[in-house]
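Engineer: Can you read through this structure? Questions will come right after.
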Amino acid sequence: MTILNLFKIGIGPSSSHTVGPMIITKNFTTLIKEQNYFPKITRIKIELFGSLGSTGIGHQSDIAVLLGLIGEHPKTIDTNKIEELINDIKNTSTIKLLNEKTIKFSIKNDLILHQRKSLPFHPNGIKIAIYDSKEELFSKIYYSIGGGEVVSDDEINKSNTLENDEIVLPYNFSNAKELLNLCQENKLTIAQLILENEKAYRSEKETKESLLDIWKVMQTCVNNGLNSDGILPGGLNVPKRAYKIYQKLKDKRTIDPLAFVDWINLYALAVNEENASGKRVVTAPTNGAAGIIPAVLHYIIDFLLSKEDKEKVIIDFLLTAGAIGLLYQRNASISGADVGCQGEVGVACSMAAGAMAEFLGGTIKQIENAAEIAMEHNLGLTCDPIGGLVQIPCIERNAMASMKAVNAARMALNGNGIHYVSLDSVIKTMYQTGKDMQNKYKETSKGGLAVHYVEC
């Protein structure tokens, strides 16, 4: 229930397919070192199942698991050295676990991507096993459940009912209705309530500093995207657009009242082109939807701020967005492999809409209404990336959802907060819709645009 589980600093192109697998293999390798398996190991085998197996190459899951094995972490890895590190493994047919223990390694035989096999708990499953010269020594199953969050089989099966295992929050809530009631009863804004809850995990100062660090990474990501030209990697030969659009807009003087739309689109394109290039981004709440919250927040900072405290605006925006994201994470899913892109772009759109409404002075009911409107019009959104790459339609989809978030906030502010469909209802509907959705529309690249497109 901490928003820093939603906003993670990592690398592209996917939080569940790149960030999660890297964390999983690093965690596993750290575990087997702690359990003194290093002296005995002669082989390690990694198997990717479900959506990970289907789109693992396009999402660079194969690269991510290797980087995790050698001890790299998404938050700290030097993205400029990734190619060198992977080429060393390929060229030597060895891998140096945690940069300490060298064993033979065959990418062909020891890294298996299953196209038609799945594990029971979640579509993003990974099994890792280690061997000595005679037999298997130890194995473990993990799942990458969205937004860079990971869980192992034994953690799933472990009971969470012991009081000592629980962090007591001052304002505990399980749905939007409870959140709104707590805000009203205690005369708190959503941002204020969430900040109080975050104190259960760290100090107020640490939380604020972390959120400002997240914003700095978002700013750097946008700036890098605006100044990066060329072709996106992966084989589709998609040209980057943010650079050229930026050159066109930055010195342009216009009386067009809708010119801000071009900038919102531009911010989102810049982030998601960086993500598609495997660069540093913030999961918000996922990599595939990483451009929406930065785009809307950049719009606020660059176009709407006058004398407001800039840091307070940033912190309150991320706290409010985070509160909404936690509702989806707790009661539905933020994994495209689980519920389609409505769980990624749809959730990010809902988070940004609610936070935008908060900035515009909306009541808590109007904020809830904005978040509900945004998701209501993303219901059924499929995840069907062409070539398994987080490029088409993912990059444009972030730009479209950014504008949808702004529009949802403005619609809510023009109402009185009273509406027929609650945020809780739309979250429940999104989750059920995702479960009803055929697997070919859920990050497998086996349906939708992924198979029905013509190269121009």
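Residue numbering restarts at 1 in every chain; chains get A, B, ... in the order shown in the structure tokens, and ligands count up from 1 in that same order.
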Residues within 7 Å of stretch 344-346 of chain A, please, as a VMD selection string. Count only C-alpha atoms; anything in the same chain fewer than 3 positions from it doesn't count.

Structural biologist: chain A and resid 286 288 to 289 334 to 336 341 349 to 350 375 378 398 401

Engineer: To test your reading of the structure, identify every residue in stretch 60-231 of chain A that backbone DSSP assigns to alpha helix (DSSP H), and report it as a VMD selection string.

Structural biologist: chain A and resid 61 to 69 82 to 92 107 to 110 153 to 157 176 to 186 190 to 198 204 to 226

Engineer: Given the selection you just returned, output its residues as a file containing C-alpha atoms, formatted as a compact mmCIF listing (two decimals), in the first residue's frame.

Structural biologist:
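again.txt written:
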```
# COMPACT_ATOMS: atom_id res chain seq x y z
CA SER A 61 13.01 -10.07 -21.31
CA ASP A 62 15.86 -12.28 -22.51
CA ILE A 63 18.32 -9.44 -22.00
CA ALA A 64 16.79 -8.46 -18.66
CA VAL A 65 17.15 -11.90 -17.06
CA LEU A 66 20.81 -12.06 -18.07
CA LEU A 67 21.49 -8.63 -16.61
CA GLY A 68 19.83 -9.67 -13.34
CA LEU A 69 21.95 -12.80 -13.14
CA ILE A 82 23.92 -3.07 -21.69
CA GLU A 83 24.98 -4.10 -25.21
CA GLU A 84 28.57 -4.65 -24.06
CA LEU A 85 27.48 -6.79 -21.11
CA ILE A 86 25.19 -8.99 -23.22
CA ASN A 87 27.77 -9.41 -26.00
CA ASP A 88 30.29 -10.62 -23.43
CA ILE A 89 27.90 -13.38 -22.35
CA LYS A 90 27.21 -14.35 -25.97
CA ASN A 91 30.83 -14.29 -27.09
CA THR A 92 32.27 -16.23 -24.14
CA ILE A 107 21.63 -18.71 -24.44
CA LYS A 108 20.11 -21.31 -26.78
CA ASN A 109 19.91 -24.11 -24.20
CA ASP A 110 19.79 -22.33 -20.85
CA ASP A 153 5.50 -19.14 -5.34
CA ASP A 154 6.31 -19.47 -1.66
CA GLU A 155 5.27 -15.86 -1.02
CA ILE A 156 1.93 -16.51 -2.71
CA ASN A 157 1.32 -19.52 -0.51
CA ALA A 176 -12.40 4.32 -3.22
CA LYS A 177 -15.50 4.65 -1.05
CA GLU A 178 -13.50 4.05 2.11
CA LEU A 179 -10.78 6.45 0.92
CA LEU A 180 -13.28 9.23 0.31
CA ASN A 181 -15.05 8.62 3.62
CA LEU A 182 -11.74 8.80 5.52
CA CYS A 183 -10.89 12.07 3.78
CA GLN A 184 -14.26 13.57 4.69
CA GLU A 185 -14.26 12.33 8.29
CA ASN A 186 -10.74 13.59 8.96
CA ILE A 190 -6.37 12.62 -0.71
CA ALA A 191 -2.75 13.79 -0.94
CA GLN A 192 -2.62 14.60 2.77
CA LEU A 193 -4.10 11.22 3.74
CA ILE A 194 -1.70 9.28 1.56
CA LEU A 195 1.26 11.24 2.92
CA GLU A 196 0.20 10.26 6.44
CA ASN A 197 0.04 6.61 5.38
CA GLU A 198 3.48 6.81 3.77
CA GLU A 204 7.64 12.53 5.55
CA LYS A 205 10.90 14.11 4.41
CA GLU A 206 12.06 10.85 2.79
CA THR A 207 8.75 10.40 1.00
CA LYS A 208 8.79 13.93 -0.39
CA GLU A 209 12.41 13.62 -1.44
CA SER A 210 11.66 10.32 -3.19
CA LEU A 211 8.74 11.85 -5.08
CA LEU A 212 10.86 14.81 -6.16
CA ASP A 213 13.59 12.39 -7.30
CA ILE A 214 10.96 10.55 -9.34
CA TRP A 215 9.93 13.84 -10.92
CA LYS A 216 13.57 14.61 -11.77
CA VAL A 217 13.86 11.29 -13.59
CA MET A 218 10.61 12.04 -15.45
CA GLN A 219 11.99 15.45 -16.44
CA THR A 220 15.28 13.95 -17.62
CA CYS A 221 13.40 11.30 -19.58
CA VAL A 222 11.30 13.94 -21.36
CA ASN A 223 14.35 16.09 -22.08
CA ASN A 224 16.32 13.12 -23.45
CA GLY A 225 13.38 12.13 -25.64
CA LEU A 226 13.01 15.64 -27.03
```

Engineer: When you draw a straight line from atom CA of A:Gln438 to atom CA of A:Lys404, how long is it in Å?

Structural biologist: 25.7 Å

Engineer: Could you jot down the atom CA of A:Ile300 to atom CA of A:Leu327 separation for me, Å, one decimal place?

Structural biologist: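 It comes out at 24.0 Å.
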
Engineer: Find the distance between atom CA of A:Val451 and atom CA of A:Val238 and write it in Å to one decimal.

Structural biologist: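 Calculated distance between atom CA of A:Val451 and atom CA of A:Val238 is 17.0 Å.
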
Engineer: Taking the chain letters and numbering used in this document, name the residues of stretch 206-354 of chain A that DSSP puts in strand (DSSP E), as a list in words.

Structural biologist: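 Matching residues for strand (DSSP E) in stretch 206-354 of chain A are Arg280, Val281, Val282 and Thr283 of chain A.
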
Engineer: Could you check which of A:Ala268, A:Ala276, A:Ile301, A:Leu360 is closest to A:Gly234, using only C-alpha atoms?

Structural biologist: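 Of all the options, A:Ala276 lies closest to A:Gly234.
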